[in-house]
Amino acid sequence: MLTITAASLAGGQGKTTSCFFLARALAKLGYKVLMVDADPQSSLTLYLGHEVEANQPTLLEVLKKQVAVEDGIYESNYPNLWLIPSDDGLEVIQEYLSSTAMGELVLKKRLKEVRDLFDVCIVDSPPQRTQICLTAIVAADELLIPAESSSKGLHSLVRTLQLVDELKSVDAFEGSILGIVPFRDKWLGRTQAKRSQVSIQDMKEVGIGILVVPSILESERYKQAIDTGRTLEELGYPDLELPFQKIIEVLEKKWLLNKTNP
Ligand SMILES: Nc1ncnc2c1ncn2[C@@H]1O[C@H](COP(=O)(O)OP(=O)(O)O)[C@@H](O)[C@H]1O
Ligand SMILES: [Mg+2]
């Protein structure tokens, strides 16, 4: 199982959007995908239409080792897609992780227990530099850094790269950075908005040697796809899938991705 985490140290950078569409694209190709919602805001859980019931285990119980990892995994409404959900109760994990030796390794270790059950695991992370954010990054073989095509996005990218460097310097992060995903790239007809153009150019300069994947365009269609449960292609916008196709192409080239028999 290959683990990919989407991380970016600000809200509204496209983390959850990237996770959702990448996971669906992989699942559609026949990969068995486990999604992990590591954000107490639980947007991913919501996007997947999963309702957490009071007595059901979530990522919180999984991280605290109160249940077997399998018991925190739920089938989603989509074929080949499973979820370890979260709700706002996940906030209390901060304290647990800070008081545990090597708290940042907890998610990585837990995911190892189910590595033979899935082909790919996709982890959505919170926007703040918290313990849960660290454990989500450290769990990754490959890191995706979505960043809004704006100065805020650039700032988020810079801070995320700094954090990754810090984690690398203490040998906590052993994965690599798969790429930067420019988010909400705005075009007016055939003309790219100045702000998008400048910030994406800056992203290329800040992330020397890091792939900048085709951007997620500013578009209502992504939300529409989430709300209706249909793919962008089914809605008649196959071109909007380009960022995720590129990411999958890179992953398939670099890793021997297996398709587990159903
Ligand atoms: N292509 C898009 N264009 C414009 N807005 C988008 C697009 N995709 C998603 N959004 C909206 O942008 C917001 C932030 O996206 P999200 O993926 O939740 O970011 P993050 O997880 O980094 O906080 C969400 O409200 C979402 O509905
Ligand atoms: Mg999010």
# chains A, B, ... in the order shown; residues from 1 in each chain; ligands from 1
>>> closest_atom_pairs(of="chain A", to="ligand 2", cutoff="10 Å", atoms="only C-alpha atoms and all ligand atoms", output="Markdown table")
| residue | atom | partner | partner_atom_place_in_ligand_line | distance |
| --- | --- | --- | --- | --- |
| A:Ala6 | CA | ligand 2 | 1 (Mg) | 9.1 |
| A:Ala7 | CA | ligand 2 | 1 (Mg) | 9.2 |
| A:Ser8 | CA | ligand 2 | 1 (Mg) | 9.4 |
| A:Ala10 | CA | ligand 2 | 1 (Mg) | 9.2 |
| A:Gly11 | CA | ligand 2 | 1 (Mg) | 6.7 |
| A:Gly12 | CA | ligand 2 | 1 (Mg) | 6.8 |
| A:Gln13 | CA | ligand 2 | 1 (Mg) | 7.7 |
| A:Gly14 | CA | ligand 2 | 1 (Mg) | 6.8 |
| A:Lys15 | CA | ligand 2 | 1 (Mg) | 5.2 |
| A:Thr16 | CA | ligand 2 | 1 (Mg) | 4.2 |
| A:Thr17 | CA | ligand 2 | 1 (Mg) | 7.3 |
| A:Ser18 | CA | ligand 2 | 1 (Mg) | 9.2 |
| A:Cys19 | CA | ligand 2 | 1 (Mg) | 9.0 |
| A:Asp37 | CA | ligand 2 | 1 (Mg) | 9.0 |
| A:Ala38 | CA | ligand 2 | 1 (Mg) | 9.2 |
| A:Asp39 | CA | ligand 2 | 1 (Mg) | 6.8 |
| A:Pro40 | CA | ligand 2 | 1 (Mg) | 9.3 |
| A:Gln41 | CA | ligand 2 | 1 (Mg) | 7.3 |
| A:Ser42 | CA | ligand 2 | 1 (Mg) | 7.5 |
| A:Ser43 | CA | ligand 2 | 1 (Mg) | 5.7 |
| A:Leu44 | CA | ligand 2 | 1 (Mg) | 6.9 |
| A:Asp124 | CA | ligand 2 | 1 (Mg) | 6.8 |
| A:Ser125 | CA | ligand 2 | 1 (Mg) | 6.8 |
| A:Pro126 | CA | ligand 2 | 1 (Mg) | 6.3 |
| A:Pro127 | CA | ligand 2 | 1 (Mg) | 7.1 |
>>> residues_around(residues="Val198 in chain A", least_positions_apart="3", cutoff="12 Å", atoms="only C-alpha atoms", output="PyMOL selection string")
chain A and resi 148-151+153-154+182+185-186+192-195+201-205
>>> closest_atom_pairs(of="range 94-200 of chain A", to="range 239-244 of chain A", cutoff="12 Å", atoms="only C-alpha atoms", output="JSON lines")
{"residue": "A:Leu144", "atom": "CA", "partner": "A:Phe244", "partner_atom": "CA", "distance": 11.1}
{"residue": "A:Pro146", "atom": "CA", "partner": "A:Pro243", "partner_atom": "CA", "distance": 10.9}
{"residue": "A:Leu178", "atom": "CA", "partner": "A:Phe244", "partner_atom": "CA", "distance": 12.0}
{"residue": "A:Gly179", "atom": "CA", "partner": "A:Pro243", "partner_atom": "CA", "distance": 10.5}
{"residue": "A:Ile180", "atom": "CA", "partner": "A:Pro243", "partner_atom": "CA", "distance": 10.3}
{"residue": "A:Val181", "atom": "CA", "partner": "A:Pro243", "partner_atom": "CA", "distance": 7.6}
{"residue": "A:Pro182", "atom": "CA", "partner": "A:Pro243", "partner_atom": "CA", "distance": 9.2}
{"residue": "A:Phe183", "atom": "CA", "partner": "A:Pro243", "partner_atom": "CA", "distance": 10.0}
{"residue": "A:Arg184", "atom": "CA", "partner": "A:Leu240", "partner_atom": "CA", "distance": 11.5}
{"residue": "A:Asp185", "atom": "CA", "partner": "A:Leu240", "partner_atom": "CA", "distance": 11.5}
>>> atom_distance(atom1="CA of Ser215 in chain A", atom2="CA of Leu235 in chain A")
19.0 Å
>>> residues_around(residues="Val138 in chain A", least_positions_apart="4", cutoff="8 Å", atoms="only C-alpha atoms", output="number ranges by chain")
A: 104-105, 108, 134, 167, 172-175
>>> select_by_dssp(residues="range 35-225 of chain A", states="alpha helix (DSSP H)", output="PyMOL selection string")
chain A and resi 43-47+59-63+93-99+106-112+131-138+151-169+194-206+221-225
>>> atom_distance(atom1="CA of Val106 in chain A", atom2="CA of Leu60 in chain A")
11.4 Å
>>> select_by_dssp(residues="range 111-198 of chain A", states="strand (DSSP E)", output="ChimeraX atom specification")
/A:120-124,142-148,176-185,187-188,191-192
>>> atom_distance(atom1="CA of Lys259 in chain A", atom2="CA of Asp119 in chain A")
6.2 Å
>>> residues_around(residues="range 20-35 of chain A", least_positions_apart="3", cutoff="9 Å", atoms="only C-alpha atoms", output="ChimeraX atom specification")
/A:15-17,44,47-48,73,78-85,117-124,222,226,231,241,243-245,247-248,257-262
>>> closest_residue(among="A:Arg221, A:Arg190, A:Lys246, A:Lys253", to="ligand 1", atoms="only C-alpha atoms and all ligand atoms")
A:Arg221
>>> closest_residue(among="A:Leu157, A:Leu90, A:Ile132, A:Leu217", to="ligand 1", atoms="only C-alpha atoms and all ligand atoms")
A:Leu217
>>> closest_residue(among="A:Ile137, A:Val114, A:Ala147, A:Leu59", to="ligand 1", atoms="only C-alpha atoms and all ligand atoms")
A:Ala147
>>> closest_residue(among="A:Leu232, A:Val69, A:Val206, A:Leu2", to="ligand 1", atoms="only C-alpha atoms and all ligand atoms")
A:Leu232
>>> decode(residues="range 219-234 of chain A", atoms="N, CA, C and O atoms", output="mmCIF file, in the first residue's frame")
data_model
loop_
_atom_site.group_PDB
_atom_site.id
_atom_site.type_symbol
_atom_site.label_atom_id
_atom_site.label_comp_id
_atom_site.auth_asym_id
_atom_site.auth_seq_id
_atom_site.Cartn_x
_atom_site.Cartn_y
_atom_site.Cartn_z
ATOM 1 N N SER A 219 -13.408 26.643 -10.627
ATOM 2 C CA SER A 219 -14.615 26.156 -11.303
ATOM 3 C C SER A 219 -15.605 25.607 -10.296
ATOM 4 O O SER A 219 -15.226 24.979 -9.313
ATOM 5 N N GLU A 220 -16.860 25.838 -10.567
ATOM 6 C CA GLU A 220 -17.943 25.322 -9.716
ATOM 7 C C GLU A 220 -18.142 23.815 -9.921
ATOM 8 O O GLU A 220 -18.851 23.171 -9.161
ATOM 9 N N ARG A 221 -17.550 23.292 -10.987
ATOM 10 C CA ARG A 221 -17.830 21.903 -11.364
ATOM 11 C C ARG A 221 -17.341 20.893 -10.329
ATOM 12 O O ARG A 221 -17.896 19.807 -10.205
ATOM 13 N N TYR A 222 -16.266 21.240 -9.641
ATOM 14 C CA TYR A 222 -15.733 20.318 -8.637
ATOM 15 C C TYR A 222 -16.767 20.119 -7.522
ATOM 16 O O TYR A 222 -17.038 18.998 -7.093
ATOM 17 N N LYS A 223 -17.325 21.221 -7.092
ATOM 18 C CA LYS A 223 -18.332 21.153 -6.039
ATOM 19 C C LYS A 223 -19.561 20.378 -6.531
ATOM 20 O O LYS A 223 -20.120 19.552 -5.819
ATOM 21 N N GLN A 224 -19.908 20.658 -7.778
ATOM 22 C CA GLN A 224 -21.049 19.970 -8.374
ATOM 23 C C GLN A 224 -20.811 18.454 -8.412
ATOM 24 O O GLN A 224 -21.719 17.670 -8.114
ATOM 25 N N ALA A 225 -19.592 18.069 -8.751
ATOM 26 C CA ALA A 225 -19.257 16.639 -8.811
ATOM 27 C C ALA A 225 -19.357 16.018 -7.418
ATOM 28 O O ALA A 225 -19.858 14.902 -7.259
ATOM 29 N N ILE A 226 -18.888 16.751 -6.401
ATOM 30 C CA ILE A 226 -18.963 16.233 -5.032
ATOM 31 C C ILE A 226 -20.429 16.112 -4.610
ATOM 32 O O ILE A 226 -20.859 15.086 -4.087
ATOM 33 N N ASP A 227 -21.204 17.156 -4.863
ATOM 34 C CA ASP A 227 -22.600 17.177 -4.418
ATOM 35 C C ASP A 227 -23.467 16.128 -5.102
ATOM 36 O O ASP A 227 -24.399 15.595 -4.498
ATOM 37 N N THR A 228 -23.166 15.842 -6.370
ATOM 38 C CA THR A 228 -24.011 14.903 -7.107
ATOM 39 C C THR A 228 -23.466 13.485 -7.083
ATOM 40 O O THR A 228 -24.142 12.556 -7.516
ATOM 41 N N GLY A 229 -22.222 13.325 -6.593
ATOM 42 C CA GLY A 229 -21.619 11.983 -6.568
ATOM 43 C C GLY A 229 -21.187 11.520 -7.951
ATOM 44 O O GLY A 229 -20.865 10.356 -8.154
ATOM 45 N N ARG A 230 -21.179 12.432 -8.920
ATOM 46 C CA ARG A 230 -20.762 12.047 -10.265
ATOM 47 C C ARG A 230 -19.330 12.499 -10.505
ATOM 48 O O ARG A 230 -18.795 13.329 -9.773
ATOM 49 N N THR A 231 -18.709 11.931 -11.532
ATOM 50 C CA THR A 231 -17.335 12.349 -11.824
ATOM 51 C C THR A 231 -17.387 13.576 -12.731
ATOM 52 O O THR A 231 -18.409 13.874 -13.347
ATOM 53 N N LEU A 232 -16.254 14.268 -12.817
ATOM 54 C CA LEU A 232 -16.167 15.443 -13.692
ATOM 55 C C LEU A 232 -16.401 15.021 -15.136
ATOM 56 O O LEU A 232 -17.016 15.748 -15.914
ATOM 57 N N GLU A 233 -15.926 13.836 -15.451
ATOM 58 C CA GLU A 233 -16.112 13.323 -16.810
ATOM 59 C C GLU A 233 -17.598 13.098 -17.087
ATOM 60 O O GLU A 233 -18.116 13.485 -18.135
ATOM 61 N N GLU A 234 -18.275 12.483 -16.118
ATOM 62 C CA GLU A 234 -19.704 12.243 -16.298
ATOM 63 C C GLU A 234 -20.487 13.547 -16.435
ATOM 64 O O GLU A 234 -21.514 13.606 -17.094
#
